[in-house]
>>> print(open('target_23.txt').read())   # compact mmCIF, N, CA and C atoms and all ligand atoms
# COMPACT_ATOMS: atom_id res chain seq x y z
N MET A 1358 165.29 13.76 131.94
CA MET A 1358 165.02 14.60 133.07
C MET A 1358 163.55 14.48 133.39
N GLY A 1359 163.22 13.51 134.03
CA GLY A 1359 161.82 13.17 134.37
C GLY A 1359 160.90 14.30 133.93
N GLY A 1360 159.79 14.07 133.73
CA GLY A 1360 158.93 15.22 133.43
C GLY A 1360 158.55 15.27 131.98
N GLY A 1361 159.52 15.35 131.11
CA GLY A 1361 159.29 15.52 129.68
C GLY A 1361 157.90 15.12 129.21
N ASN A 1362 157.84 13.93 128.65
CA ASN A 1362 156.58 13.51 128.04
C ASN A 1362 155.47 13.30 129.05
N ALA A 1363 155.87 12.70 130.18
CA ALA A 1363 154.85 12.40 131.19
C ALA A 1363 154.17 13.69 131.61
N GLN A 1364 154.99 14.73 131.74
CA GLN A 1364 154.42 16.00 132.18
C GLN A 1364 153.50 16.58 131.11
N LYS A 1365 153.96 16.47 129.86
CA LYS A 1365 153.13 16.97 128.77
C LYS A 1365 151.78 16.25 128.74
N THR A 1366 151.88 14.92 128.95
CA THR A 1366 150.65 14.12 128.94
C THR A 1366 149.72 14.59 130.05
N ALA A 1367 150.33 14.84 131.20
CA ALA A 1367 149.52 15.27 132.34
C ALA A 1367 148.85 16.60 132.04
N ILE A 1368 149.63 17.48 131.41
CA ILE A 1368 149.07 18.81 131.09
C ILE A 1368 147.95 18.67 130.08
N SER A 1369 148.18 17.83 129.07
CA SER A 1369 147.13 17.71 128.06
C SER A 1369 145.90 17.04 128.64
N ARG A 1370 146.15 16.10 129.58
CA ARG A 1370 144.99 15.45 130.22
C ARG A 1370 144.19 16.48 131.01
N GLU A 1371 144.94 17.32 131.70
CA GLU A 1371 144.33 18.39 132.50
C GLU A 1371 143.47 19.30 131.61
N ARG A 1372 144.07 19.64 130.45
CA ARG A 1372 143.35 20.53 129.52
C ARG A 1372 142.08 19.87 129.01
N ASN A 1373 142.19 18.60 128.67
CA ASN A 1373 141.03 17.90 128.15
C ASN A 1373 139.92 17.85 129.19
N GLN A 1374 140.33 17.64 130.44
CA GLN A 1374 139.32 17.57 131.49
C GLN A 1374 138.66 18.93 131.69
N ALA A 1375 139.48 19.96 131.56
CA ALA A 1375 138.93 21.31 131.71
C ALA A 1375 137.92 21.57 130.59
N LYS A 1376 138.28 21.13 129.37
CA LYS A 1376 137.38 21.29 128.23
C LYS A 1376 136.08 20.55 128.48
N LEU A 1377 136.24 19.33 128.99
CA LEU A 1377 135.08 18.49 129.25
C LEU A 1377 134.16 19.16 130.27
N ARG A 1378 134.81 19.68 131.32
CA ARG A 1378 134.03 20.34 132.37
C ARG A 1378 133.28 21.54 131.79
N ALA A 1379 133.97 22.27 130.92
CA ALA A 1379 133.34 23.44 130.32
C ALA A 1379 132.15 23.00 129.47
N ALA A 1380 132.36 21.93 128.71
CA ALA A 1380 131.30 21.43 127.84
C ALA A 1380 130.10 20.99 128.66
N GLN A 1381 130.37 20.49 129.85
CA GLN A 1381 129.27 20.00 130.68
C GLN A 1381 128.64 21.11 131.51
N GLY A 1382 129.13 22.30 131.32
CA GLY A 1382 128.51 23.42 132.02
C GLY A 1382 129.23 23.80 133.30
N GLY A 1383 130.49 23.37 133.42
CA GLY A 1383 131.32 23.81 134.54
C GLY A 1383 130.88 23.24 135.87
N ALA A 1384 131.36 23.88 136.91
CA ALA A 1384 131.15 23.37 138.26
C ALA A 1384 129.68 23.33 138.65
N SER A 1385 128.91 24.22 138.07
CA SER A 1385 127.50 24.29 138.46
C SER A 1385 126.78 22.97 138.16
N GLN A 1386 127.37 22.23 137.22
CA GLN A 1386 126.77 20.95 136.84
C GLN A 1386 126.64 20.02 138.06
N LEU A 1387 127.59 20.11 138.98
CA LEU A 1387 127.56 19.26 140.17
C LEU A 1387 126.26 19.45 140.93
N GLY A 1388 125.94 20.71 141.15
CA GLY A 1388 124.70 21.01 141.86
C GLY A 1388 123.50 20.51 141.07
N ASN A 1389 123.58 20.69 139.76
CA ASN A 1389 122.47 20.24 138.92
C ASN A 1389 122.28 18.74 139.00
N ASN A 1390 123.38 18.02 139.06
CA ASN A 1390 123.27 16.56 139.11
C ASN A 1390 122.55 16.10 140.37
N ALA A 1391 122.86 16.73 141.48
CA ALA A 1391 122.19 16.36 142.72
C ALA A 1391 120.70 16.62 142.58
N LYS A 1392 120.40 17.74 141.94
CA LYS A 1392 119.02 18.11 141.75
C LYS A 1392 118.36 17.21 140.70
N ALA A 1393 119.20 16.77 139.75
CA ALA A 1393 118.67 15.98 138.64
C ALA A 1393 118.10 14.66 139.12
N MET A 1394 118.64 14.16 140.23
CA MET A 1394 118.20 12.86 140.74
C MET A 1394 116.88 13.07 141.48
N SER A 1395 115.97 13.76 140.84
CA SER A 1395 114.83 14.22 141.63
C SER A 1395 113.51 13.62 141.21
N ILE A 1396 113.51 12.82 140.15
CA ILE A 1396 112.24 12.20 139.78
C ILE A 1396 112.04 10.96 140.61
N LYS A 1397 110.97 10.92 141.34
CA LYS A 1397 110.69 9.77 142.20
C LYS A 1397 109.37 9.17 141.81
N CYS A 1398 109.36 7.84 141.76
CA CYS A 1398 108.10 7.16 141.52
C CYS A 1398 107.21 7.41 142.74
N LYS A 1399 106.02 7.90 142.50
CA LYS A 1399 105.14 8.25 143.62
C LYS A 1399 104.64 7.00 144.34
N ILE A 1400 104.70 5.87 143.68
CA ILE A 1400 104.19 4.65 144.30
C ILE A 1400 105.27 3.92 145.10
N CYS A 1401 106.42 3.65 144.48
CA CYS A 1401 107.44 2.86 145.20
C CYS A 1401 108.63 3.70 145.64
N LYS A 1402 108.64 5.00 145.32
CA LYS A 1402 109.68 5.94 145.77
C LYS A 1402 111.05 5.70 145.15
N GLN A 1403 111.12 4.86 144.14
CA GLN A 1403 112.39 4.69 143.46
C GLN A 1403 112.77 6.00 142.78
N ALA A 1404 114.06 6.38 142.89
CA ALA A 1404 114.50 7.66 142.33
C ALA A 1404 115.10 7.46 140.94
N PHE A 1405 114.86 8.44 140.09
CA PHE A 1405 115.42 8.42 138.74
C PHE A 1405 116.05 9.77 138.44
N MET A 1406 117.03 9.75 137.53
CA MET A 1406 117.58 11.01 137.04
C MET A 1406 116.48 11.71 136.25
N CYS A 1407 116.39 13.01 136.39
CA CYS A 1407 115.34 13.66 135.62
C CYS A 1407 115.73 13.76 134.15
N THR A 1408 116.96 13.37 133.83
CA THR A 1408 117.36 13.30 132.43
C THR A 1408 116.98 11.95 131.82
N GLN A 1409 116.45 11.09 132.68
CA GLN A 1409 116.07 9.74 132.23
C GLN A 1409 115.07 9.82 131.08
N ASN A 1410 115.28 8.99 130.12
CA ASN A 1410 114.37 8.89 128.99
C ASN A 1410 112.96 8.54 129.49
N GLU A 1411 111.99 9.22 128.94
CA GLU A 1411 110.62 8.97 129.37
C GLU A 1411 110.21 7.52 129.11
N GLN A 1412 110.79 6.94 128.07
CA GLN A 1412 110.47 5.54 127.76
C GLN A 1412 110.95 4.62 128.90
N ASP A 1413 112.09 4.93 129.48
CA ASP A 1413 112.59 4.14 130.61
C ASP A 1413 111.63 4.24 131.79
N LEU A 1414 111.12 5.44 132.00
CA LEU A 1414 110.18 5.64 133.10
C LEU A 1414 108.89 4.88 132.81
N MET A 1415 108.50 4.91 131.56
CA MET A 1415 107.29 4.18 131.14
C MET A 1415 107.49 2.68 131.38
N ASN A 1416 108.70 2.20 131.09
CA ASN A 1416 108.99 0.79 131.33
C ASN A 1416 108.86 0.45 132.82
N HIS A 1417 109.25 1.39 133.66
CA HIS A 1417 109.13 1.20 135.10
C HIS A 1417 107.66 1.05 135.47
N VAL A 1418 106.84 1.94 134.91
CA VAL A 1418 105.40 1.91 135.20
C VAL A 1418 104.81 0.57 134.78
N GLU A 1419 105.13 0.17 133.55
CA GLU A 1419 104.53 -1.06 133.03
C GLU A 1419 105.09 -2.30 133.70
N GLY A 1420 106.38 -2.25 134.06
CA GLY A 1420 107.01 -3.42 134.65
C GLY A 1420 106.68 -3.60 136.12
N LYS A 1421 106.59 -2.49 136.84
CA LYS A 1421 106.42 -2.58 138.29
C LYS A 1421 105.00 -2.31 138.77
N HIS A 1422 104.29 -1.51 138.03
CA HIS A 1422 102.97 -1.11 138.51
C HIS A 1422 101.91 -1.33 137.43
N LYS A 1423 101.66 -2.56 137.15
CA LYS A 1423 100.70 -2.91 136.10
C LYS A 1423 99.36 -2.22 136.32
N GLY A 1424 98.82 -1.66 135.25
CA GLY A 1424 97.51 -1.04 135.35
C GLY A 1424 97.56 0.43 135.73
N LYS A 1425 98.74 0.90 136.13
CA LYS A 1425 98.87 2.32 136.49
C LYS A 1425 99.30 3.11 135.27
N THR A 1426 99.03 4.41 135.30
CA THR A 1426 99.46 5.26 134.20
C THR A 1426 100.76 5.97 134.58
N TYR A 1427 101.36 6.58 133.58
CA TYR A 1427 102.59 7.34 133.81
C TYR A 1427 102.37 8.40 134.89
N GLU A 1428 101.24 9.08 134.81
CA GLU A 1428 100.96 10.15 135.78
C GLU A 1428 100.71 9.62 137.20
N ASP A 1429 100.32 8.33 137.32
CA ASP A 1429 100.17 7.77 138.66
C ASP A 1429 101.52 7.68 139.35
N CYS A 1430 102.57 7.46 138.57
CA CYS A 1430 103.90 7.25 139.13
C CYS A 1430 104.77 8.51 139.11
N PHE A 1431 104.66 9.30 138.06
CA PHE A 1431 105.56 10.44 137.90
C PHE A 1431 104.79 11.70 137.53
N ASP A 1432 105.36 12.82 137.93
CA ASP A 1432 104.80 14.08 137.44
C ASP A 1432 105.23 14.23 135.99
N PRO A 1433 104.34 14.69 135.17
CA PRO A 1433 104.71 14.82 133.76
C PRO A 1433 105.75 15.92 133.55
N ILE A 1434 106.44 15.83 132.44
CA ILE A 1434 107.41 16.86 132.08
C ILE A 1434 106.81 17.68 130.96
N TYR A 1435 106.97 18.97 131.05
CA TYR A 1435 106.43 19.85 130.02
C TYR A 1435 107.57 20.39 129.18
N VAL A 1436 107.41 20.28 127.87
CA VAL A 1436 108.44 20.75 126.96
C VAL A 1436 107.94 22.00 126.26
N ALA A 1437 108.68 23.08 126.45
CA ALA A 1437 108.31 24.35 125.82
C ALA A 1437 109.15 24.57 124.58
N VAL A 1438 108.50 24.87 123.45
CA VAL A 1438 109.22 25.14 122.21
C VAL A 1438 108.88 26.55 121.73
N PRO A 1439 109.76 27.51 122.02
CA PRO A 1439 109.48 28.90 121.69
C PRO A 1439 109.25 29.15 120.20
N THR A 1440 110.00 28.45 119.33
CA THR A 1440 109.90 28.76 117.90
C THR A 1440 108.51 28.47 117.34
N THR A 1441 107.79 27.53 117.93
CA THR A 1441 106.44 27.24 117.45
C THR A 1441 105.39 27.63 118.48
N ALA A 1442 105.84 28.25 119.58
CA ALA A 1442 104.94 28.65 120.66
C ALA A 1442 104.05 27.49 121.09
N THR A 1443 104.70 26.36 121.32
CA THR A 1443 103.95 25.17 121.69
C THR A 1443 104.51 24.57 122.98
N VAL A 1444 103.60 24.09 123.83
CA VAL A 1444 104.00 23.36 125.02
C VAL A 1444 103.49 21.93 124.88
N TYR A 1445 104.38 20.98 125.04
CA TYR A 1445 104.00 19.57 124.96
C TYR A 1445 104.01 18.97 126.36
N LYS A 1446 103.00 18.16 126.64
CA LYS A 1446 102.99 17.44 127.91
C LYS A 1446 103.66 16.09 127.66
N GLY A 1447 104.84 15.92 128.22
CA GLY A 1447 105.58 14.68 128.03
C GLY A 1447 106.60 14.77 126.91
N ARG A 1448 107.75 14.13 127.14
CA ARG A 1448 108.80 14.18 126.12
C ARG A 1448 108.41 13.42 124.87
N LYS A 1449 107.66 12.33 125.07
CA LYS A 1449 107.37 11.44 123.95
C LYS A 1449 106.67 12.20 122.84
N VAL A 1450 105.62 12.92 123.20
CA VAL A 1450 104.86 13.65 122.19
C VAL A 1450 105.70 14.78 121.59
N ALA A 1451 106.53 15.40 122.42
CA ALA A 1451 107.39 16.48 121.92
C ALA A 1451 108.39 15.93 120.90
N TYR A 1452 108.99 14.80 121.22
CA TYR A 1452 109.94 14.18 120.29
C TYR A 1452 109.26 13.86 118.97
N GLU A 1453 108.06 13.29 119.08
CA GLU A 1453 107.33 12.90 117.86
C GLU A 1453 107.04 14.13 116.99
N GLN A 1454 106.54 15.18 117.64
CA GLN A 1454 106.16 16.37 116.89
C GLN A 1454 107.36 17.09 116.30
N LEU A 1455 108.49 17.01 116.99
CA LEU A 1455 109.68 17.71 116.50
C LEU A 1455 110.51 16.83 115.58
N GLY A 1456 110.01 15.62 115.35
CA GLY A 1456 110.71 14.71 114.45
C GLY A 1456 112.07 14.30 114.95
N THR A 1457 112.15 14.09 116.28
CA THR A 1457 113.42 13.69 116.85
C THR A 1457 113.18 12.55 117.83
N ASP A 1458 114.20 12.17 118.57
CA ASP A 1458 114.00 11.15 119.61
C ASP A 1458 114.98 11.40 120.75
N ALA A 1459 114.88 10.55 121.76
CA ALA A 1459 115.67 10.78 122.96
C ALA A 1459 117.17 10.82 122.66
N LYS A 1460 117.58 10.04 121.68
CA LYS A 1460 119.01 9.98 121.36
C LYS A 1460 119.48 11.27 120.73
N LYS A 1461 118.70 11.78 119.78
CA LYS A 1461 119.09 13.00 119.05
C LYS A 1461 118.85 14.24 119.90
N GLY A 1462 117.87 14.18 120.77
CA GLY A 1462 117.54 15.34 121.57
C GLY A 1462 116.74 16.34 120.76
N TYR A 1463 116.42 17.45 121.38
CA TYR A 1463 115.63 18.46 120.69
C TYR A 1463 116.49 19.20 119.68
N PRO A 1464 115.90 19.60 118.56
CA PRO A 1464 116.66 20.40 117.60
C PRO A 1464 117.16 21.66 118.30
N LYS A 1465 118.45 21.96 118.13
CA LYS A 1465 119.05 23.08 118.86
C LYS A 1465 118.37 24.40 118.54
N ASP A 1466 117.96 24.58 117.27
CA ASP A 1466 117.38 25.86 116.91
C ASP A 1466 115.92 26.02 117.36
N SER A 1467 115.37 24.96 117.96
CA SER A 1467 113.99 25.07 118.43
C SER A 1467 113.91 25.77 119.78
N GLY A 1468 115.03 25.80 120.48
CA GLY A 1468 115.05 26.42 121.81
C GLY A 1468 114.25 25.64 122.83
N ALA A 1469 113.94 24.37 122.52
CA ALA A 1469 113.12 23.55 123.41
C ALA A 1469 113.76 23.41 124.79
N ALA A 1470 112.93 23.47 125.82
CA ALA A 1470 113.42 23.30 127.18
C ALA A 1470 112.35 22.58 127.99
N GLU A 1471 112.81 21.86 129.01
CA GLU A 1471 111.88 21.05 129.81
C GLU A 1471 111.57 21.72 131.15
N PHE A 1472 110.34 21.55 131.58
CA PHE A 1472 109.92 22.16 132.84
C PHE A 1472 109.06 21.19 133.64
N GLU A 1473 109.03 21.42 134.93
CA GLU A 1473 108.25 20.54 135.81
C GLU A 1473 106.79 20.94 135.85
N THR A 1474 106.52 22.17 135.52
CA THR A 1474 105.12 22.60 135.52
C THR A 1474 104.76 23.23 134.19
N LYS A 1475 103.49 23.15 133.88
CA LYS A 1475 102.96 23.74 132.66
C LYS A 1475 103.15 25.26 132.69
N GLU A 1476 102.96 25.84 133.88
CA GLU A 1476 103.07 27.29 134.03
C GLU A 1476 104.49 27.76 133.68
N ALA A 1477 105.50 27.01 134.17
CA ALA A 1477 106.90 27.38 133.91
C ALA A 1477 107.20 27.28 132.42
N ALA A 1478 106.62 26.26 131.77
CA ALA A 1478 106.84 26.09 130.33
C ALA A 1478 106.23 27.26 129.57
N TYR A 1479 105.03 27.66 129.98
CA TYR A 1479 104.38 28.82 129.35
C TYR A 1479 105.21 30.08 129.54
N GLU A 1480 105.72 30.24 130.77
CA GLU A 1480 106.50 31.44 131.06
C GLU A 1480 107.77 31.49 130.22
N HIS A 1481 108.37 30.32 129.99
CA HIS A 1481 109.59 30.25 129.19
C HIS A 1481 109.31 30.78 127.78
N ILE A 1482 108.17 30.39 127.22
CA ILE A 1482 107.83 30.84 125.87
C ILE A 1482 107.55 32.34 125.87
N MET A 1483 106.80 32.79 126.85
CA MET A 1483 106.48 34.23 126.90
C MET A 1483 107.74 35.07 127.13
N ALA A 1484 108.70 34.50 127.86
CA ALA A 1484 109.94 35.23 128.10
C ALA A 1484 110.84 35.20 126.86
N SER A 1485 110.72 34.14 126.06
CA SER A 1485 111.61 33.98 124.90
C SER A 1485 111.09 34.67 123.65
N VAL A 1486 109.78 34.75 123.53
CA VAL A 1486 109.20 35.29 122.29
C VAL A 1486 108.49 36.60 122.62
N SER A 1487 109.01 37.67 122.07
CA SER A 1487 108.53 39.00 122.49
C SER A 1487 107.07 39.24 122.13
N TYR A 1488 106.61 38.68 121.01
CA TYR A 1488 105.23 38.99 120.61
C TYR A 1488 104.18 38.09 121.26
N ILE A 1489 104.64 37.14 122.07
CA ILE A 1489 103.66 36.32 122.80
C ILE A 1489 103.57 36.84 124.23
N THR A 1490 102.40 37.36 124.53
CA THR A 1490 102.26 38.00 125.83
C THR A 1490 101.21 37.33 126.70
N ASP A 1491 100.45 36.41 126.13
CA ASP A 1491 99.47 35.73 126.97
C ASP A 1491 99.36 34.26 126.59
N ALA A 1492 98.88 33.48 127.54
CA ALA A 1492 98.84 32.03 127.40
C ALA A 1492 97.95 31.59 126.24
N ASP A 1493 96.98 32.44 125.83
CA ASP A 1493 96.08 32.06 124.75
C ASP A 1493 96.81 31.91 123.42
N SER A 1494 97.96 32.53 123.29
CA SER A 1494 98.72 32.46 122.04
C SER A 1494 99.58 31.20 121.97
N ILE A 1495 99.57 30.42 123.04
CA ILE A 1495 100.42 29.24 123.09
C ILE A 1495 99.58 27.98 122.86
N THR A 1496 100.10 27.10 122.01
CA THR A 1496 99.41 25.86 121.72
C THR A 1496 99.84 24.82 122.74
N TYR A 1497 98.86 24.09 123.27
CA TYR A 1497 99.17 23.07 124.26
C TYR A 1497 98.79 21.71 123.70
N ILE A 1498 99.75 20.81 123.65
CA ILE A 1498 99.50 19.49 123.06
C ILE A 1498 99.78 18.40 124.08
N GLU A 1499 98.79 17.57 124.34
CA GLU A 1499 98.95 16.54 125.36
C GLU A 1499 99.35 15.19 124.80
N SER A 1500 98.80 14.84 123.65
CA SER A 1500 99.18 13.53 123.11
C SER A 1500 98.82 13.43 121.64
ZN ZN B 1601 107.52 2.61 141.02
>>> encode(input="target_23.txt", output="structure tokens")
Amino acid sequence: MGGGNAQKTAISRERNQAKLRAAQGGASQLGNNAKAMSIKCKICKQAFMCTQNEQDLMNHVEGKHKGKTYEDCFDPIYVAVPTTATVYKGRKVAYEQLGTDAKKGYPKDSGAAEFETKEAAYEHIMASVSYITDADSITYIES
């Protein structure tokens, strides 16, 4: 009676997709993705996902714009780590300091988050850690 297994498969596929969507943050992720495509090389206007590994962006700088620095092409990313009250300029230095890399990502218990501005990164720490109330209590590391 048509349906049997095929239907079960369809249902389980549906469930798996729902799980996947949930894992990816649900429907809101769609909007985020459009926004994510927001890193643009200031020199040649090539667009990159803002989730792009900083090393890939660095390769773009070195491959396409010899003699230019990362900051000539892209706005830096600031990584705020509430547990150590530290803001890192650039993912590379944050990964190094946290003993991780782009593949592993930030340690989950560090609460690390990325921001487009230093101010937003500072605010994230002040909002996350109750005893930090001013920027002087936050360590800023550039390289
Ligand atoms: Zn470029």
>>> closest_atom_pairs(input="target_23.txt", of="chain A", to="ligand ZN 1601 (chain B)", cutoff="6.5 Å", atoms="all atoms listed in the file", output="Markdown table")
| residue | atom | partner | partner_atom | distance |
| --- | --- | --- | --- | --- |
| A:Cys1398 | CA | B:ZN1601 | ZN | 4.6 |
| A:Lys1399 | N | B:ZN1601 | ZN | 5.7 |
| A:Ile1400 | C | B:ZN1601 | ZN | 4.8 |
| A:Cys1401 | N | B:ZN1601 | ZN | 3.8 |
| A:Lys1402 | N | B:ZN1601 | ZN | 5.0 |
| A:Gln1403 | N | B:ZN1601 | ZN | 5.3 |
| A:His1417 | C | B:ZN1601 | ZN | 5.8 |
| A:Val1418 | N | B:ZN1601 | ZN | 6.2 |
| A:Lys1421 | CA | B:ZN1601 | ZN | 6.0 |
| A:His1422 | N | B:ZN1601 | ZN | 6.0 |
| A:Cys1430 | CA | B:ZN1601 | ZN | 6.2 |
>>> closest_residue(input="target_23.txt", among="A:Gly1447, A:Gly1462, A:Gly1456, A:Gly1420", to="Ser1500 (chain A)", atoms="only C-alpha atoms")
A:Gly1447
>>> residues_around(input="target_23.txt", residues="Pro1464 (chain A)", least_positions_apart="4", cutoff="10 Å", atoms="only C-alpha atoms", output="list in words")
Val1438, Tyr1452, Leu1455, Gly1456, Thr1457, Asp1458, Gly1468 and Ala1469 of chain A
>>> select_by_dssp(input="target_23.txt", residues="chain A", states="strand (DSSP E)", output="JSON, numbers by chain")
{"A": [1396, 1397, 1404, 1405, 1435, 1436, 1437, 1438, 1443, 1444, 1445, 1446, 1470, 1471, 1472, 1496, 1497, 1498]}
>>> write_last_selection(input="target_23.txt", atoms="N, CA and C atoms", output="CSV table (one decimal), in the coordinates of the input")
chain,number,residue,atom,x,y,z
A,1396,ILE,N,113.5,12.8,140.2
A,1396,ILE,CA,112.2,12.2,139.8
A,1396,ILE,C,112.0,11.0,140.6
A,1397,LYS,N,111.0,10.9,141.3
A,1397,LYS,CA,110.7,9.8,142.2
A,1397,LYS,C,109.4,9.2,141.8
A,1404,ALA,N,114.1,6.4,142.9
A,1404,ALA,CA,114.5,7.7,142.3
A,1404,ALA,C,115.1,7.5,140.9
A,1405,PHE,N,114.9,8.4,140.1
A,1405,PHE,CA,115.4,8.4,138.7
A,1405,PHE,C,116.0,9.8,138.4
A,1435,TYR,N,107.0,19.0,131.0
A,1435,TYR,CA,106.4,19.8,130.0
A,1435,TYR,C,107.6,20.4,129.2
A,1436,VAL,N,107.4,20.3,127.9
A,1436,VAL,CA,108.4,20.8,127.0
A,1436,VAL,C,107.9,22.0,126.3
A,1437,ALA,N,108.7,23.1,126.4
A,1437,ALA,CA,108.3,24.4,125.8
A,1437,ALA,C,109.2,24.6,124.6
A,1438,VAL,N,108.5,24.9,123.4
A,1438,VAL,CA,109.2,25.1,122.2
A,1438,VAL,C,108.9,26.6,121.7
A,1443,THR,N,104.7,26.4,121.3
A,1443,THR,CA,104.0,25.2,121.7
A,1443,THR,C,104.5,24.6,123.0
A,1444,VAL,N,103.6,24.1,123.8
A,1444,VAL,CA,104.0,23.4,125.0
A,1444,VAL,C,103.5,21.9,124.9
A,1445,TYR,N,104.4,21.0,125.0
A,1445,TYR,CA,104.0,19.6,125.0
A,1445,TYR,C,104.0,19.0,126.4
A,1446,LYS,N,103.0,18.2,126.6
A,1446,LYS,CA,103.0,17.4,127.9
A,1446,LYS,C,103.7,16.1,127.7
A,1470,ALA,N,112.9,23.5,125.8
A,1470,ALA,CA,113.4,23.3,127.2
A,1470,ALA,C,112.4,22.6,128.0
A,1471,GLU,N,112.8,21.9,129.0
A,1471,GLU,CA,111.9,21.0,129.8
A,1471,GLU,C,111.6,21.7,131.2
A,1472,PHE,N,110.3,21.6,131.6
A,1472,PHE,CA,109.9,22.2,132.8
A,1472,PHE,C,109.1,21.2,133.6
A,1496,THR,N,100.1,27.1,122.0
A,1496,THR,CA,99.4,25.9,121.7
A,1496,THR,C,99.8,24.8,122.7
A,1497,TYR,N,98.9,24.1,123.3
A,1497,TYR,CA,99.2,23.1,124.3
A,1497,TYR,C,98.8,21.7,123.7
A,1498,ILE,N,99.8,20.8,123.6
A,1498,ILE,CA,99.5,19.5,123.1
A,1498,ILE,C,99.8,18.4,124.1
>>> atom_distance(input="target_23.txt", atom1="atom C of Glu1476 (chain A)", atom2="atom N of Lys1425 (chain A)")
27.6 Å
>>> closest_residue(input="target_23.txt", among="A:Ala1470, A:Val1450, A:Ala1459, A:Ala1442", to="Thr1496 (chain A)", atoms="all atoms listed in the file")
A:Ala1442
>>> select_by_dssp(input="target_23.txt", residues="region 1394-1488 of chain A", states="alpha helix (DSSP H)", output="ChimeraX atom specification")
/A:1411-1421,1427-1430,1448-1455,1475-1485
>>> closest_residue(input="target_23.txt", among="A:Lys1461, A:Lys1475, A:Lys1446, A:His1481", to="Glu1499 (chain A)", atoms="all atoms listed in the file")
A:Lys1446
>>> atom_distance(input="target_23.txt", atom1="atom C of Ser1467 (chain A)", atom2="atom N of Ala1437 (chain A)")
8.9 Å
>>> atom_distance(input="target_23.txt", atom1="CA of Ile1495 (chain A)", atom2="CA of Thr1408 (chain A)")
25.1 Å
>>> residues_around(input="target_23.txt", residues="region 1484-1487 of chain A", least_positions_apart="4", cutoff="7 Å", atoms="all atoms listed in the file", output="list of chain:residue names")
A:Pro1439, A:Tyr1479, A:Glu1480
>>> axis_aligned_box(input="target_23.txt", around="region 1407-1416 of chain A", padding_each_side="3 Å", output="AutoDock Vina command-line options")
--center_x 112.3 --center_y 7.1 --center_z 132.1 --size_x 16.1 --size_y 19.3 --size_z 14.6
>>> closest_residue(input="target_23.txt", among="A:Cys1407, A:Ile1396, A:Ala1492, A:Ala1451", to="Val1436 (chain A)", atoms="only C-alpha atoms")
A:Ala1451
